[in-house]
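Colleague: Contents are compact mmCIF, C-alpha atoms; file name data.txt:
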# COMPACT_ATOMS: atom_id res chain seq x y z
CA MET A 1 0.00 0.00 0.00
CA LEU A 2 1.21 3.52 -0.90
CA GLY A 3 4.15 2.30 -2.95
CA ASN A 4 7.39 2.53 -0.99
CA LEU A 5 6.08 4.64 1.91
CA GLY A 6 5.28 1.65 4.09
CA LYS A 7 8.62 -0.04 3.32
CA ASN A 8 10.59 3.12 4.09
CA LEU A 9 8.76 3.84 7.34
CA THR A 10 9.09 0.22 8.46
CA LYS A 11 12.83 0.36 7.74
CA THR A 12 13.08 3.54 9.84
CA MET A 13 11.25 1.91 12.76
CA LYS A 14 13.57 -1.11 12.58
CA LYS A 15 16.59 1.17 12.60
CA LEU A 16 15.21 2.96 15.66
CA ALA A 17 14.53 -0.36 17.41
CA GLY A 18 18.14 -1.37 16.86
CA MET A 19 19.62 1.74 18.47
CA ALA A 20 21.30 1.17 21.84
CA ILE A 21 21.04 4.82 22.93
CA ILE A 22 18.36 7.38 22.01
CA ASP A 23 19.90 10.87 21.92
CA GLU A 24 19.42 14.04 19.89
CA GLU A 25 21.55 12.74 17.02
CA VAL A 26 19.46 9.55 16.73
CA VAL A 27 16.19 11.50 16.86
CA LYS A 28 17.35 13.84 14.08
CA GLU A 29 18.44 10.88 11.95
CA VAL A 30 15.05 9.18 12.38
CA ILE A 31 13.26 12.42 11.48
CA LYS A 32 15.32 12.80 8.30
CA ASP A 33 14.32 9.28 7.25
CA ILE A 34 10.65 10.04 7.92
CA GLN A 35 10.88 13.33 5.99
CA ARG A 36 12.42 11.55 3.00
CA ALA A 37 9.73 8.84 3.02
CA LEU A 38 6.82 11.30 3.26
CA ILE A 39 8.14 13.71 0.61
CA GLN A 40 8.70 10.79 -1.79
CA SER A 41 5.04 9.88 -1.20
CA ASP A 42 4.07 13.46 -2.24
CA VAL A 43 3.05 14.73 1.20
CA ASN A 44 3.11 18.54 1.32
CA ILE A 45 6.53 19.82 2.44
CA LYS A 46 5.03 22.31 4.89
CA LEU A 47 3.09 19.50 6.57
CA VAL A 48 6.23 17.36 6.68
CA LEU A 49 8.26 20.14 8.32
CA ASN A 50 5.55 20.81 10.92
CA LEU A 51 5.33 17.08 11.65
CA SER A 52 9.13 16.85 11.99
CA LYS A 53 9.27 19.75 14.43
CA THR A 54 6.53 18.24 16.60
CA ILE A 55 8.22 14.82 16.67
CA GLU A 56 11.59 16.38 17.53
CA ASP A 57 10.17 18.63 20.28
CA ARG A 58 8.21 15.82 21.89
CA SER A 59 11.04 13.25 21.60
CA LEU A 60 13.63 15.55 23.21
CA ASN A 61 11.45 17.27 25.81
CA GLU A 62 8.70 14.86 26.86
CA GLU A 63 9.41 12.53 29.74
CA PRO A 64 8.55 8.91 28.88
CA PRO A 65 5.64 7.50 30.91
CA LYS A 66 6.58 5.22 33.78
CA GLY A 67 7.68 1.80 32.55
CA VAL A 68 8.24 2.99 28.95
CA THR A 69 11.81 3.07 27.58
CA PRO A 70 13.07 6.14 25.65
CA LYS A 71 13.13 4.02 22.48
CA GLU A 72 9.49 2.92 22.91
CA HIS A 73 8.54 6.51 23.71
CA VAL A 74 9.96 7.84 20.43
CA VAL A 75 8.23 5.07 18.44
CA ARG A 76 4.96 5.98 20.14
CA ILE A 77 5.43 9.70 19.32
CA VAL A 78 6.12 8.94 15.64
CA TYR A 79 3.03 6.74 15.53
CA GLU A 80 0.77 9.32 17.21
CA GLU A 81 1.92 12.23 15.04
CA LEU A 82 1.51 10.28 11.78
CA VAL A 83 -2.02 9.39 12.89
CA ASN A 84 -2.69 13.10 13.57
CA LEU A 85 -1.43 13.93 10.06
CA LEU A 86 -4.24 11.85 8.56
CA GLY A 87 -7.01 13.48 10.56
CA SER A 88 -9.74 11.93 12.67
CA SER A 89 -11.59 8.72 11.94
CA ALA A 90 -14.87 9.06 10.07
CA GLN A 91 -17.97 7.74 11.79
CA GLU A 92 -19.56 4.49 10.65
CA VAL A 93 -22.43 4.87 8.16
CA GLU A 94 -25.27 5.46 10.60
CA ILE A 95 -28.60 4.70 8.96
CA ASP A 96 -30.85 6.62 11.29
CA LYS A 97 -33.76 7.08 8.83
CA ARG A 98 -35.38 5.23 5.94
CA PRO A 99 -34.48 5.72 3.19
CA TYR A 100 -31.01 7.10 3.92
CA LYS A 101 -29.82 8.99 0.84
CA ILE A 102 -26.14 9.17 -0.18
CA LEU A 103 -25.05 11.46 -3.01
CA PHE A 104 -21.83 10.34 -4.76
CA MET A 105 -19.55 12.73 -6.63
CA GLY A 106 -15.99 12.84 -7.90
CA LEU A 107 -13.65 13.48 -10.79
CA GLN A 108 -14.07 11.52 -13.99
CA GLY A 109 -11.90 8.39 -13.81
CA SER A 110 -11.54 8.55 -10.02
CA GLY A 111 -13.11 5.12 -9.52
CA LYS A 112 -16.49 6.50 -8.46
CA THR A 113 -18.65 3.82 -10.11
CA THR A 114 -16.46 1.00 -8.79
CA SER A 115 -16.59 2.56 -5.31
CA ILE A 116 -20.40 2.56 -5.46
CA GLY A 117 -20.27 -1.18 -6.13
CA LYS A 118 -17.88 -1.66 -3.20
CA LEU A 119 -19.98 0.45 -0.82
CA THR A 120 -23.11 -1.45 -1.90
CA LYS A 121 -21.42 -4.75 -1.00
CA TYR A 122 -20.24 -3.26 2.31
CA LEU A 123 -23.77 -2.11 3.20
CA GLN A 124 -25.21 -5.52 2.31
CA LYS A 125 -22.76 -7.14 4.72
CA LYS A 126 -24.07 -4.77 7.41
CA GLY A 127 -27.61 -6.03 6.80
CA PHE A 128 -29.02 -3.17 4.69
CA ASN A 129 -30.84 -3.43 1.35
CA PRO A 130 -29.41 -0.61 -0.80
CA ALA A 131 -30.60 0.63 -4.19
CA ILE A 132 -28.73 2.74 -6.75
CA VAL A 133 -29.97 5.64 -8.86
CA SER A 134 -27.85 6.45 -11.94
CA THR A 135 -27.88 10.12 -13.09
CA ASP A 136 -24.61 10.06 -15.07
CA THR A 137 -25.70 11.17 -18.55
CA TRP A 138 -22.21 12.23 -19.65
CA ARG A 139 -20.22 9.01 -19.64
CA PRO A 140 -21.30 6.36 -22.15
CA ALA A 141 -22.41 3.08 -20.57
CA ALA A 142 -22.27 4.45 -16.99
CA TYR A 143 -25.70 2.93 -16.24
CA GLU A 144 -24.73 -0.41 -17.84
CA GLN A 145 -21.51 -0.55 -15.79
CA LEU A 146 -23.50 -0.16 -12.57
CA LEU A 147 -25.85 -2.95 -13.66
CA GLN A 148 -22.88 -5.21 -14.39
CA LEU A 149 -21.14 -4.41 -11.09
CA THR A 150 -24.20 -5.04 -8.92
CA GLU A 151 -25.71 -8.02 -10.76
CA PRO A 152 -24.09 -10.60 -8.42
CA MET A 153 -25.46 -8.64 -5.42
CA ASN A 154 -29.07 -8.62 -6.71
CA VAL A 155 -29.33 -4.87 -6.06
CA PRO A 156 -31.85 -2.70 -7.96
CA VAL A 157 -30.33 0.00 -10.21
CA TYR A 158 -32.65 2.71 -11.49
CA GLY A 159 -31.71 4.63 -14.62
CA ASP A 160 -32.34 5.04 -18.34
CA HIS A 161 -29.50 5.29 -20.84
CA GLU A 162 -31.80 7.10 -23.30
CA ASN A 163 -32.80 9.83 -20.84
CA LYS A 164 -30.25 12.69 -20.86
CA ASP A 165 -31.93 14.72 -18.11
CA ALA A 166 -29.97 14.03 -14.90
CA LEU A 167 -32.47 15.90 -12.73
CA ASP A 168 -35.43 13.91 -14.09
CA LEU A 169 -33.50 10.64 -13.59
CA ALA A 170 -32.89 11.62 -9.95
CA ARG A 171 -36.58 12.37 -9.28
CA THR A 172 -37.78 9.17 -10.98
CA GLY A 173 -35.15 6.98 -9.34
CA LEU A 174 -35.79 8.31 -5.83
CA LYS A 175 -39.51 7.50 -6.16
CA ALA A 176 -38.78 3.97 -7.43
CA ALA A 177 -36.25 3.23 -4.64
CA LYS A 178 -38.16 4.74 -1.70
CA LYS A 179 -38.77 1.33 -0.05
CA ASN A 180 -35.04 0.54 0.21
CA ASP A 181 -32.99 1.24 3.37
CA VAL A 182 -30.29 3.18 1.52
CA ILE A 183 -30.40 5.00 -1.81
CA ILE A 184 -27.03 5.71 -3.46
CA VAL A 185 -27.24 8.37 -6.17
CA ASP A 186 -24.47 8.24 -8.77
CA THR A 187 -23.56 11.47 -10.58
CA ALA A 188 -21.41 12.35 -13.59
CA GLY A 189 -17.69 12.70 -13.02
CA ARG A 190 -16.62 16.31 -13.18
CA HIS A 191 -13.69 18.70 -12.72
CA LYS A 192 -13.41 21.80 -10.56
CA GLU A 193 -13.14 23.93 -13.73
CA GLU A 194 -16.39 22.60 -15.25
CA SER A 195 -18.85 25.20 -14.00
CA ASP A 196 -21.88 23.72 -15.82
CA LEU A 197 -21.39 20.32 -14.22
CA LEU A 198 -20.83 21.85 -10.79
CA ALA A 199 -24.07 23.81 -11.25
CA GLU A 200 -25.82 20.54 -12.13
CA MET A 201 -24.39 19.07 -8.94
CA GLU A 202 -25.96 21.86 -6.90
CA SER A 203 -29.35 21.21 -8.53
CA LEU A 204 -29.04 17.47 -7.95
CA SER A 205 -28.18 18.10 -4.33
CA THR A 206 -31.35 20.18 -3.94
CA ILE A 207 -33.53 17.43 -5.47
CA VAL A 208 -31.91 14.50 -3.65
CA ASP A 209 -31.63 16.35 -0.31
CA PRO A 210 -28.92 13.83 0.74
CA ASP A 211 -28.31 12.67 4.28
CA GLU A 212 -24.65 12.32 3.31
CA VAL A 213 -22.47 13.51 0.44
CA ILE A 214 -19.48 11.30 -0.36
CA MET A 215 -16.70 12.45 -2.64
CA VAL A 216 -14.46 9.91 -4.38
CA ILE A 217 -10.82 10.93 -4.94
CA ASP A 218 -8.17 9.09 -6.94
CA GLY A 219 -5.17 8.52 -4.64
CA THR A 220 -2.75 8.85 -7.56
CA ILE A 221 -3.39 12.63 -8.01
CA GLY A 222 -1.51 13.43 -4.80
CA GLN A 223 -1.68 16.92 -3.32
CA GLN A 224 -4.16 18.08 -6.00
CA ALA A 225 -6.76 16.11 -4.04
CA GLY A 226 -7.07 18.98 -1.56
CA GLU A 227 -7.87 21.59 -4.25
CA GLN A 228 -10.42 19.33 -5.91
CA ALA A 229 -12.13 18.56 -2.61
CA LEU A 230 -12.38 22.27 -1.75
CA ALA A 231 -13.97 23.10 -5.14
CA PHE A 232 -16.55 20.33 -4.77
CA ASN A 233 -17.19 21.33 -1.19
CA ASN A 234 -18.18 24.80 -2.42
CA ALA A 235 -20.81 23.25 -4.72
CA THR A 236 -22.31 20.98 -2.07
CA LYS A 237 -21.06 20.31 1.45
CA ILE A 238 -18.92 17.15 1.53
CA GLY A 239 -19.72 14.85 4.43
CA SER A 240 -16.95 12.32 3.89
CA ILE A 241 -14.40 11.03 1.38
CA ILE A 242 -13.40 7.76 -0.26
CA ILE A 243 -9.82 7.55 -1.55
CA THR A 244 -9.26 4.97 -4.27
CA LYS A 245 -6.26 3.27 -5.90
CA LEU A 246 -4.06 3.20 -2.81
CA ASP A 247 -2.61 -0.17 -3.83
CA GLY A 248 0.85 0.77 -5.00
CA SER A 249 0.17 4.50 -5.49
CA ALA A 250 3.34 6.58 -5.09
CA LYS A 251 1.29 9.73 -4.44
CA GLY A 252 -1.21 8.22 -2.01
CA GLY A 253 0.38 9.93 0.98
CA GLY A 254 -0.19 13.29 -0.69
CA ALA A 255 -3.86 12.55 -1.31
CA LEU A 256 -4.46 11.28 2.22
CA SER A 257 -2.80 14.22 3.92
CA ALA A 258 -4.25 16.86 1.54
CA VAL A 259 -7.78 15.62 2.10
CA ALA A 260 -7.31 15.40 5.86
CA GLU A 261 -6.16 19.03 5.81
CA ILE A 262 -9.51 20.33 4.47
CA GLY A 263 -11.37 18.82 7.42
CA ALA A 264 -13.64 16.30 5.65
CA PRO A 265 -13.05 12.86 7.17
CA ILE A 266 -11.85 9.96 5.04
CA LYS A 267 -14.52 7.28 5.47
CA PHE A 268 -13.29 4.46 3.20
CA ILE A 269 -10.21 3.53 1.17
CA GLY A 270 -9.96 1.37 -1.93
CA THR A 271 -7.01 -1.01 -1.80
CA GLY A 272 -7.45 -3.05 -4.98
CA GLU A 273 -9.62 -3.85 -7.98
CA ARG A 274 -11.88 -6.48 -6.40
CA VAL A 275 -15.22 -5.44 -4.89
CA GLU A 276 -13.92 -6.76 -1.52
CA ASP A 277 -10.82 -4.51 -1.61
CA PHE A 278 -12.54 -1.79 0.37
CA GLU A 279 -12.29 -0.93 4.04
CA ALA A 280 -13.44 1.64 6.56
CA PHE A 281 -10.58 4.08 7.11
CA ASP A 282 -9.08 4.13 10.57
CA PRO A 283 -5.90 6.26 10.86
CA ASP A 284 -4.65 4.22 13.84
CA ARG A 285 -4.89 0.91 12.00
CA PHE A 286 -3.60 2.40 8.76
CA ILE A 287 -0.45 3.87 10.32
CA SER A 288 0.09 0.68 12.31
CA ARG A 289 0.32 -1.22 9.01
CA LEU A 290 2.57 1.38 7.39
CA LEU A 291 5.02 1.17 10.29
CA GLY A 292 5.16 -2.63 10.06
CA MET A 293 3.23 -3.10 13.31
CA GLY A 294 0.46 -5.07 11.59
CA ASP A 295 -3.30 -4.83 12.00
CA ILE A 296 -4.54 -7.95 13.74
CA ARG A 297 -7.95 -6.40 14.50
CA THR A 298 -8.79 -5.91 10.81
CA LEU A 299 -7.39 -9.35 9.94
CA LEU A 300 -9.58 -11.11 12.50
CA GLU A 301 -12.64 -9.04 11.59
CA ARG A 302 -12.21 -9.95 7.93
CA ALA A 303 -11.81 -13.65 8.76
CA GLU A 304 -14.92 -13.60 10.96
CA GLU A 305 -16.97 -11.86 8.25
CA ILE A 306 -16.03 -14.48 5.67
CA ALA A 307 -16.68 -17.33 8.11
CA GLU A 308 -20.11 -15.92 8.94
CA GLU A 309 -20.95 -15.51 5.25
CA GLU A 310 -19.97 -19.11 4.62
CA GLY A 311 -21.68 -20.32 7.80
CA ASP A 312 -18.39 -21.90 8.79
CA MET A 313 -17.64 -20.57 12.27
CA GLY A 314 -17.21 -24.19 13.39
CA SER A 315 -14.17 -24.49 11.14
CA VAL A 316 -12.66 -21.39 12.78
CA ASP A 317 -13.21 -22.92 16.23
CA ALA A 318 -11.62 -26.15 15.02
CA MET A 319 -8.62 -24.25 13.67
CA LEU A 320 -8.04 -22.48 16.96
CA SER A 321 -8.45 -25.66 19.01
CA GLY A 322 -5.88 -27.50 16.89
CA LYS A 323 -8.41 -30.29 16.24
CA PHE A 324 -8.86 -29.73 12.56
CA THR A 325 -8.50 -32.03 9.57
CA LEU A 326 -7.17 -31.61 6.05
CA LYS A 327 -10.76 -30.88 5.02
CA ASP A 328 -10.82 -28.00 7.52
CA MET A 329 -7.49 -26.80 6.18
CA TYR A 330 -8.96 -26.80 2.66
CA SER A 331 -11.72 -24.50 3.97
CA GLN A 332 -9.01 -22.37 5.56
CA PHE A 333 -7.30 -21.96 2.17
CA GLU A 334 -10.62 -20.93 0.61
CA MET A 335 -11.04 -18.34 3.37
CA MET A 336 -7.52 -16.97 2.83
CA ASN A 337 -8.24 -16.53 -0.89
CA LYS A 338 -11.38 -14.54 -0.08
CA MET A 339 -9.54 -12.33 2.40
CA GLY A 340 -7.61 -10.73 -0.44
CA PRO A 341 -4.14 -10.82 -2.01
CA MET A 342 -1.63 -12.61 0.21
CA GLN A 343 0.59 -9.51 0.52
CA GLN A 344 -2.32 -7.52 2.01
CA VAL A 345 -3.08 -10.29 4.47
CA MET A 346 0.58 -10.63 5.46
CA ASN A 347 0.87 -6.88 6.05
CA MET A 348 -1.76 -7.21 8.78
CA ILE A 349 0.40 -9.66 10.74
CA PRO A 350 2.83 -7.72 12.97
CA GLY A 351 6.33 -7.90 11.51
CA ALA A 352 5.40 -10.26 8.68
CA GLY A 353 4.74 -7.94 5.72
CA GLY A 354 8.03 -6.06 5.85
CA LYS A 355 10.08 -9.28 6.01
CA LEU A 356 8.66 -10.77 2.82
CA PRO A 357 10.72 -10.67 -0.36
CA LYS A 358 9.02 -9.05 -3.37
CA ASN A 359 7.81 -12.31 -4.90
CA ALA A 360 6.95 -13.99 -1.59
CA SER A 361 3.19 -13.53 -1.76
CA GLN A 362 3.12 -14.95 -5.29
CA VAL A 363 5.12 -18.00 -4.16
CA THR A 364 2.79 -18.49 -1.22
CA GLU A 365 -0.35 -18.24 -3.38
CA GLU A 366 1.14 -20.75 -5.83
CA LYS A 367 1.89 -23.07 -2.93
CA LEU A 368 -1.67 -22.85 -1.59
CA SER A 369 -2.99 -23.61 -5.08
CA LYS A 370 -0.71 -26.66 -5.32
CA TYR A 371 -1.85 -27.92 -1.92
CA LYS A 372 -5.50 -27.65 -2.96
CA ILE A 373 -4.84 -29.72 -6.10
CA LEU A 374 -3.20 -32.41 -3.95
CA MET A 375 -6.17 -32.46 -1.56
CA ASP A 376 -8.57 -32.79 -4.51
CA SER A 377 -6.84 -36.14 -5.23
CA MET A 378 -7.56 -37.46 -1.71
CA THR A 379 -10.50 -39.53 -0.49
CA ASP A 380 -12.90 -38.26 2.18
CA GLN A 381 -11.33 -40.68 4.65
CA GLU A 382 -7.84 -39.24 3.99
CA LEU A 383 -9.11 -35.67 4.34
CA GLU A 384 -10.87 -36.46 7.62
CA HIS A 385 -8.08 -38.71 9.00
CA PRO A 386 -4.70 -37.60 7.56
CA GLU A 387 -2.91 -40.06 9.82
CA VAL A 388 -3.95 -42.92 7.49
CA ILE A 389 -1.84 -41.50 4.65
CA LYS A 390 1.15 -43.83 4.43
CA GLN A 391 3.60 -44.52 1.59
CA SER A 392 1.19 -46.36 -0.74
CA ARG A 393 -1.42 -43.61 -0.42
CA VAL A 394 1.27 -40.94 -0.92
CA LYS A 395 2.15 -42.54 -4.27
CA ARG A 396 -1.51 -42.71 -5.36
CA ILE A 397 -2.22 -39.07 -4.40
CA ALA A 398 0.92 -37.87 -6.20
CA ARG A 399 0.00 -39.83 -9.32
CA GLY A 400 -3.60 -38.60 -9.28
CA SER A 401 -2.58 -34.95 -8.94
CA GLY A 402 0.27 -35.09 -11.45
CA MET A 403 2.82 -34.23 -8.76
CA LYS A 404 5.68 -35.88 -6.88
CA ASN A 405 5.70 -37.91 -3.66
CA GLU A 406 7.76 -35.11 -2.09
CA ASP A 407 4.91 -32.66 -2.76
CA VAL A 408 2.45 -34.82 -0.81
CA LYS A 409 4.90 -35.13 2.08
CA GLU A 410 5.43 -31.35 2.03
CA LEU A 411 1.65 -30.83 2.30
CA LEU A 412 1.39 -33.23 5.25
CA LYS A 413 4.31 -31.51 6.98
CA TYR A 414 2.65 -28.12 6.46
CA TYR A 415 -0.62 -29.53 7.81
CA ASN A 416 1.04 -30.73 11.02
CA VAL A 417 2.89 -27.44 11.53
CA THR A 418 -0.32 -25.46 10.88
CA LYS A 419 -2.28 -27.60 13.31
CA LYS A 420 0.22 -26.88 16.10
CA ALA A 421 0.43 -23.19 15.16
CA MET A 422 -3.33 -22.68 15.22
CA LYS A 423 -3.62 -24.47 18.53
CA GLY A 424 -0.94 -22.15 19.95
CA PHE A 425 -2.64 -19.11 18.42
CA GLY A 426 -5.93 -20.14 20.00
CA LYS A 427 -4.17 -20.09 23.37
CA ARG A 428 -2.78 -16.63 22.50
CA LYS A 429 0.76 -17.98 22.08
CA MET A 430 2.19 -15.80 19.34
CA GLY A 431 5.59 -17.48 19.39
CA GLY A 432 7.31 -20.43 17.76
CA PRO A 433 4.64 -22.52 16.00
CA LEU A 434 3.15 -19.59 14.06
CA GLY A 435 6.62 -18.56 12.97
CA GLN A 436 7.36 -22.14 11.92
CA MET A 437 4.19 -22.19 9.86
CA MET A 438 5.18 -18.99 8.02
CA LYS A 439 8.72 -20.32 7.38
CA GLN A 440 7.28 -23.55 6.00
CA MET A 441 5.05 -21.53 3.64
CA MET A 442 8.05 -19.60 2.33
CA ARG A 443 10.18 -22.63 1.45
Could you render the structure as C-alpha cells?
Modeller:
Amino acid sequence: MLGNLGKNLTKTMKKLAGMAIIDEEVVKEVIKDIQRALIQSDVNIKLVLNLSKTIEDRSLNEEPPKGVTPKEHVVRIVYEELVNLLGSSAQEVEIDKRPYKILFMGLQGSGKTTSIGKLTKYLQKKGFNPAIVSTDTWRPAAYEQLLQLTEPMNVPVYGDHENKDALDLARTGLKAAKKNDVIIVDTAGRHKEESDLLAEMESLSTIVDPDEVIMVIDGTIGQQAGEQALAFNNATKIGSIIITKLDGSAKGGGALSAVAEIGAPIKFIGTGERVEDFEAFDPDRFISRLLGMGDIRTLLERAEEIAEEEGDMGSVDAMLSGKFTLKDMYSQFEMMNKMGPMQQVMNMIPGAGGKLPKNASQVTEEKLSKYKILMDSMTDQELEHPEVIKQSRVKRIARGSGMKNEDVKELLKYYNVTKKAMKGFGKRKMGGPLGQMMKQMMR
C-alpha cells in the first residue's frame, strides 16, 4: 500500500529499534528518514516540516511514561503524530432514517462507479438493502456498468440510458427506490473547472436532499486532491471522502494528507480492484500497518466476516483448538483466498509484511494452489483422518494430482505445523509454532 512509503517507514522503525542509545543525534536521523519517506510519497513539504518539528520537540522534551523506555517513547510519538497527520476517523455509516440517501460525486476516472459497487457490498454485509440511482448522462455506458457491477449482489439499479436529463433521472429513481434502506445516487464525473457540471451538482443536491455527500478521490493525483475537494465542497457540502487506488500508489500519501487538511473525514479507502478490496478508514490501524506493526484487529474481523458468510464458524473454532483435519485446512485456504491478495493479508500480521521478499506472496499463493490440487486427489477418509496416509497412499495421491511424492509429504508436513500453530494461536501464544508455519510456507 502507498508504494514505498510503508517499506521506508518500516525500515526507519527497525533502525530505531536497533539503536542502543536514544539521543538528539538519533532522533534527528530518524526524522530525516521520515521526511524523506513522506516527501517521496508526495506529502506537502510544509506538513512534513511541521510534523518533523513536533516529533523532535516531543522526543527531546517529553518525559517517557513510567515503565516505557526512551526508544518505545519515540516510536509511540512517531506513531501518534503520523495518525494526527491523517485526521480523525470518520464515523460508521449510521442509517438513522429510511431511506437514507447518499449522493456520490468525484472526478471523472476517479473510480467512483467501482466505489459505489464496493460500498453497496459493504452495506449488504451490514444487513441493509441498498438501491442505486444512476444520473450520469455524460459518460457512455455508466448505467450499464452499474448494472454489471451489482448483478451478483441482486441490487436494484434505477436509470435510463436514453434519458439525458440528470435531474429527471434523480426524481424518478428516488420515487422507485423509496422502499429501500439506503439510496445511493451516482452522478457524472466532473472537474473543478467545469462550472456547468458543478451547477448541475448543486441542482441534484437540492432534489436529492442527501443525508450524506461522499466524494471519491483518486489517490494517484496526490496533493491536488485537496484543491479538488475544496472546489466540490463549495458546490455541495462534503460529508466524507473515499480515496481509491491506494494499492501501489506513489502519491497516495499526498492525497491522504491533503484531504485530511480540508477537514472532511476519510470514510473508506480502496485497496485493490476487487469489490472486496474496500475498508473503513481508521488512521490508527492504517499507520500501524505502514510502520510494520500489523493490523490484527482488521485481519480477525475480515476472517470472521467471511466465516459468517460461509456459515463456517465451526471451522474457525476447530482451527483455533488444533483439532482440525485436512478438510478444515482446505476451507481455511478458501477463506484466505477470499480475504484478499496474500501480501495484504501478510501486512496485517505484525512484523510479517516487511520481512517478505518481493515475490513472496506470489510463491505463497502458488503453494496454496498446489496444496488444494493435492487435496482434490484425496478420499474423504484421507481428508478427515490424515494419519492414514502412508507410503502407498502418498504414491496414489501424487500420481492422481500429477505431482511428486515429495509434494504430498510437504503438504502433510505443512498440515502438522499449521495444526500446532493454530492451537498455539488459540491459546494466545504468538511465538514459535506460528513462525514455523510462516517459514514452511516460504520454502
Colleague: Can you list, as a PyMOL selection string, every protein, DNA or RNA residue that comes within 7 Å of A:Ile183 when you count only C-alpha atoms, leaving out same-chain residues fewer than 4 positions away?
Modeller: chain A and resi 99-102+130-132+177
Colleague: Near A:Arg76, counting all atoms listed in the file, which residues have an atom at most 12 Å away, once you skip same-chain residues fewer than 4 positions from it, shown as a PyMOL selection string?
Modeller: chain A and resi 13+16-17+55+58-59+62+64-65+68-72+80-83+284+287-288+291+293
Colleague: Quote the spacing between atom CA of A:Asn416 and atom CA of A:Arg396 in Å to one decimal place.
Modeller: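 Value for the atom CA of A:Asn416-atom CA of A:Arg396 distance: 20.5 Å.
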Colleague: What gap, in Å, lies between atom CA of A:Val216 and atom CA of A:Arg98?
Modeller: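 Result for atom CA of A:Val216 versus atom CA of A:Arg98: 23.8 Å, one decimal.
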Colleague: Hey, what's within 12 Å of A:Pro152 if we count all atoms listed in the file and toss same-chain stuff fewer than 5 positions away? As a PDB file with C-alpha atoms, in the coordinates of the input, please?
Modeller:
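Writing the result to around.pdb gives the following:
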ATOM      1  CA  GLY A 117     -20.270  -1.180  -6.130  1.00  0.00           C
ATOM      2  CA  THR A 120     -23.110  -1.450  -1.900  1.00  0.00           C
ATOM      3  CA  LYS A 121     -21.420  -4.750  -1.000  1.00  0.00           C
ATOM      4  CA  GLN A 124     -25.210  -5.520   2.310  1.00  0.00           C
ATOM      5  CA  LEU A 146     -23.500  -0.160 -12.570  1.00  0.00           C
ATOM      6  CA  LEU A 147     -25.850  -2.950 -13.660  1.00  0.00           C
ATOM      7  CA  VAL A 275     -15.220  -5.440  -4.890  1.00  0.00           C
TER       8      VAL A 275
END
Colleague: Looking at A:Asp181, A:Glu162, A:Asp407, A:Asp277, which one is nearest to A:Ser115, with distances taken over only C-alpha atoms?
Modeller: A:Asp277
Colleague: Extract, using all atoms listed in the file, all DNA, RNA and protein residues at most 9 Å from A:Trp138, discarding same-chain residues fewer than 6 positions from it, and format them as a VMD selection string.
Modeller: chain A and resid 164 188 to 189
Colleague: Take stretch 58-62 of chain A, bring it up to all heavy atoms, and give me the output as an mmCIF file, keeping the file's coordinate frame.
Modeller:
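Saved the output as part34.cif:
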data_model
loop_
_atom_site.group_PDB
_atom_site.id
_atom_site.type_symbol
_atom_site.label_atom_id
_atom_site.label_comp_id
_atom_site.auth_asym_id
_atom_site.auth_seq_id
_atom_site.Cartn_x
_atom_site.Cartn_y
_atom_site.Cartn_z
ATOM 1 N N ARG A 58 8.756 16.787 20.927
ATOM 2 C CA ARG A 58 8.210 15.820 21.890
ATOM 3 C C ARG A 58 9.266 14.785 22.300
ATOM 4 O O ARG A 58 9.369 14.417 23.473
ATOM 5 C CB ARG A 58 6.989 15.102 21.284
ATOM 6 C CG ARG A 58 5.748 15.978 21.149
ATOM 7 C CD ARG A 58 4.549 15.137 20.731
ATOM 8 N NE ARG A 58 4.234 14.118 21.728
ATOM 9 C CZ ARG A 58 3.358 13.127 21.536
ATOM 10 N NH1 ARG A 58 2.736 13.008 20.370
ATOM 11 N NH2 ARG A 58 3.126 12.245 22.492
ATOM 12 N N SER A 59 10.034 14.300 21.313
ATOM 13 C CA SER A 59 11.040 13.250 21.600
ATOM 14 C C SER A 59 12.120 13.747 22.548
ATOM 15 O O SER A 59 12.616 12.992 23.399
ATOM 16 C CB SER A 59 11.675 12.766 20.296
ATOM 17 O OG SER A 59 10.724 12.195 19.442
ATOM 18 N N LEU A 60 12.519 15.028 22.405
ATOM 19 C CA LEU A 60 13.630 15.550 23.210
ATOM 20 C C LEU A 60 13.171 16.171 24.535
ATOM 21 O O LEU A 60 13.975 16.299 25.463
ATOM 22 C CB LEU A 60 14.402 16.596 22.399
ATOM 23 C CG LEU A 60 15.070 16.072 21.116
ATOM 24 C CD1 LEU A 60 15.765 17.215 20.374
ATOM 25 C CD2 LEU A 60 16.075 14.966 21.430
ATOM 26 N N ASN A 61 11.902 16.547 24.614
ATOM 27 C CA ASN A 61 11.450 17.270 25.810
ATOM 28 C C ASN A 61 10.425 16.545 26.665
ATOM 29 O O ASN A 61 10.270 16.863 27.843
ATOM 30 C CB ASN A 61 10.872 18.642 25.390
ATOM 31 C CG ASN A 61 11.912 19.507 24.686
ATOM 32 O OD1 ASN A 61 13.061 19.577 25.115
ATOM 33 N ND2 ASN A 61 11.530 20.150 23.587
ATOM 34 N N GLU A 62 9.721 15.582 26.084
ATOM 35 C CA GLU A 62 8.700 14.860 26.860
ATOM 36 C C GLU A 62 9.351 13.753 27.679
ATOM 37 O O GLU A 62 10.177 13.000 27.161
ATOM 38 C CB GLU A 62 7.661 14.224 25.932
ATOM 39 C CG GLU A 62 6.396 15.015 25.788
ATOM 40 C CD GLU A 62 5.351 14.259 24.973
ATOM 41 O OE1 GLU A 62 5.310 13.010 25.035
ATOM 42 O OE2 GLU A 62 4.576 14.917 24.266
#
